[in-house]
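Student: The structure under discussion is supplied below as structure tokens; questions concerning it will follow.
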Amino acid sequence: MFSFLAQAAATTAPATDGFKFTPALGMFLAFVGVTLVITYFSARKATGSAAYFAAGRSIKGWQNGLAVAGDYMSAASFLGISGIICLKGYDGFMYSVGFLVAYLTVLLIVAEPLRNAGKYTMADLLAYRLKPKPVRAMASLSTLTVSTFYMIAQMVGAGGIIKVLIGVDFVPAVIGVGVLMLVYVVFGGMLATTWVQIIKAILLMCGAFALSWMVLGQHGYSLGQFFDSVSTATYGGSKAPVNLLDPGLAYGATEKNPWGAVDFLSLALGLVLGTAGLPHILVRFYTVPDAKTARVSVVWATAIIGVFYILTTFFGFGAATFLKLSELPLDAAGKPDGNMVAPILARVLGGEWFFAFISAVAFATILAVVAGLTMSASTSFAHDFYTNVIHHGKEHRPGQEVRVARITAFVVGAVSIFLAIKLRSLNVAFLVGLAFAVAASANLPVIVFSVFWKRFNTTGAVTGLAVGLGSSIALILVSPSVMGTDSAAMIQGAPWFPLKNPGIVSIPLGFLAAWLGTIFSARDMEAEAKFAELSVRSQTGLGAEKASSH
Amino acid sequence: MNQPDWNRIANDPDFHALQRAKRRFIIPATVFFLLYYMALPVLIGFWPALMKTPVIGKVNWAYLFALSQFLMTWVICWLYVRVARRWDKMNAALLAKLGY
């Protein structure tokens with residue numbers, strides 16, 4: 001799946017005559033300017049842990065809804081999904097569906113208990129009644145893995161896309177994105193990161209509406225005519241007609257790939273359960289004053305994300321009705337690059353300035369998501385690992401936790417920039433798939449058990465996290481995403497595991513390991529005694545972290 | 001702030017009522033949405049011919065069922081917000097009764 005973003009990494013850009021000022025570049029700079037002003041004002045407020053890590057818990061419900069939606073509608077969603085729907089039709093639309101339904105898992109199971117019982121990270125919830133050190137260390141490892149892998153995939157994609165959009169080379173583009181992202185995170189903290197996300201979400205929705213409206217205009221503003229064209233899509237006459245509304249173009253079972261249907265099922269499972277374990281989404285619920293507001297923000301996010309993904313029908317399927325395949329740049333494998341569908345569509349329909357606007361939105365998307373990921377990684381390291389594992393839960397000097405987080409952000413940023421440049425020619429798409437798989441297989445089981453199962457203990461949490469994390473990584477390493485017999489494969493040899501998406505195996509394994517680890521280890525009476533406290537806290541919100549006053 | 005007496009609250013009948021009320025909604029809703037959602041890849045993967053049948057004009061069952069997932073998500077969201085308002089009231093009454 002997530003091949004879209006990473007493919008862009010190796011995109012061979014159409015010949016650009018070097019660096020020159022374009023409308024797209026102008027809009028990038030305008031966005032950067034506005035967000036830097038926000039960062040400046042946020043920096044003055046970002047003193048103290050709650051202010052830096054959780055924006056003082058002062059974000060309003062609708063604002064957080066936009067920010068959650070923004071974090072979620074990453075470049076993979078906007079550029080990737082429109083591309084995969086354009087090229088693969090209905091199977092691509094399944095991402096739109098899965099990404100949205102996943103919010104029910106967040107709303108029904110995770111959001112309110114997490115806000116009520118936690119402070120800054122997912123591990124806070126686990127550490128209430130389990131032994132904090134091993135649980136936090138493992139949870140922090142899982143968080144850092146998810147965030148860093150996800151980020152490398154975004155950065156590699158970003159470098160390729162920026163190269164196509166404004167003609168800046170891959171290396172300076174990645175470094176530029178990395179440095180800007182660090183400015184938001186290090187100086188502005190969660191408050192700046194949140195506002196960057198909100199602005200981007202609004203821009204993205206405007207872009208999506210405008211693009212959809214123009215596409216519909218091409219079909220006489222008639223839905224009937226639109227779907228008729230989609231069912232006989234010819235890519236502007238450049239291909240034999242194909243019915244894109246029919247499933248199976250990407251995941252249909254074929255002679256070559258008899259596992260298609262099962263892989264599709266596995267993907268669907270990973271999508272619907274993974275979101276509720278994504279650290280950069282979870283940390284957002286700590287930025288609101290209480291659980292009620294967390295609920296309101298999920299509802300806002302669900303409404304916004306739903307509308308956005310319905311619109312992918314128009315700028316995804318619609319693109320296939322008149323965009324010629326020859327208008328798209330080619331990817332490394334010499335195939336049309338789906339990532340560029342949305343921007344190219346904008347150029348064809350709306351001209352140079354609209355192209356500039358959509359490109360700037362894509363750039364803002366990458367920047368904002370990368371900042372959110374860095375924020376969640378550095379929060380987890382500073383709060384879970386540094387303060388609670390190494391320093392037994394006490395800050396030696398005030399402000400130390402925030403300082404460690406800022407240093408961590410630098411390290412995470414530098415490592416991601418370095419790896420993104422190193423891995424630029426590889427297809428690192430499996431990293432995003434891995435992030436979702438780890439989130440669903442490692443994080444979700446322990447969150448669920450810790451809130452709903454009294455007997456759950458430290459051994460269960462550690463084995464659940466370790467097996468969920470380990471099995472996802474191992475299965476992807478031996479899957480067709482990494483292993484293959486063609487020259488593009490990272491490891492040569494026939495794949496040992498037939499599915500690209502490990503969820504259908506690794507998610508049950510994660511739950512099973514957490515359960516077995518618990519029942520085969522001694523009962524932890526202390527943890528069980530504290531179940532009452534956790535239940536009361538998570539259900540009633542009594543003793544929950546309060547909003548700080550500004 | 002003094003630590004509240006967690007066990008006393010946990011054993012209060014009103015707290016049990018609140019927990020039961022939440023479970024009565026959350027468990028069936030979760031089971032329903034997971035089944036409804038997973039039915040989509042199962043039907044598409046194993047009964048592709050059926051799902052490719054056009055229903056309204058060229059629009060087939062596959063697309064309509066996918067579209068219904070959006071509606072399903074919003075409806076459950078709306079139902080959740082409605083029942084959660086009642087839980088908020090039960091919760092406020094419980095905490096007020098115990099003096100928190």
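Starting from 1 in every chain, residues are counted up; chains themselves are A, B, ... following the order of the structure tokens, and ligands are numbered from 1 as listed.
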At a cut-off of 9 Å, which residues of chain B touch chain A? Count only C-alpha atoms and give the answer as JSON, numbers by chain.
Tutor: {"B": [1, 3, 4, 5, 6, 7, 9, 10, 11, 15, 18, 19, 26, 27, 29, 30, 33, 34, 37, 38, 40, 41, 42, 44, 45, 46, 48, 51, 52, 53, 56, 57, 58, 59, 60, 62, 63, 66, 67, 69, 70, 72, 73, 74, 76, 77, 78, 80, 81, 84, 88, 91, 92, 94, 95, 100]}
Student: Rounded to one decimal in Å, what is the spacing between atom CA of Val402 of chain A and atom CA of Glu545 of chain A?
Tutor: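 Distance between the two atoms: 17.7 Å.
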Student: May I have all residues of segment 7-100 of chain B that DSSP, computed from the backbone, assigns to strand (DSSP E or B), given as a ChimeraX atom specification?
Tutor: /B:54-56,59-60
Student: Mind giving me the straight-line distance from atom CA of Thr365 of chain A to atom CA of Gly217 of chain A in Å, one decimal?
Tutor: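 If I compute the distance from atom CA of Thr365 of chain A to atom CA of Gly217 of chain A, I get 26.3 Å.
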Student: For segment 438-452 of chain A, find every residue with an atom within 7 Å (counting only C-alpha atoms), except residues of its own chain fewer than 6 positions away, and show them as JSON, numbers by chain.
Tutor: {"A": [126, 146, 270, 273, 274, 276, 277, 278, 461, 464, 465, 468, 469, 472, 506, 507, 510, 511, 514]}
Student: What gap, in Å, lies between atom CA of Phe21 of chain A and atom CA of Val361 of chain A?
Tutor: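 Computing it gives 17.5 Å between the two atoms.
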Student: Near Val185 of chain A, counting only C-alpha atoms, which residues have an atom at most 12 Å away, once you skip same-chain residues fewer than 2 positions from it, shown as JSON, numbers by chain?
Tutor: {"A": [35, 36, 38, 39, 40, 42, 43, 46, 52, 53, 55, 178, 179, 180, 181, 182, 183, 187, 188, 189, 190, 191, 192, 193, 194, 195, 196, 367, 368, 369, 370, 371, 372, 373, 374, 375, 376, 377, 378, 379, 402, 403, 405, 406, 407, 408, 409, 410, 412, 413]}
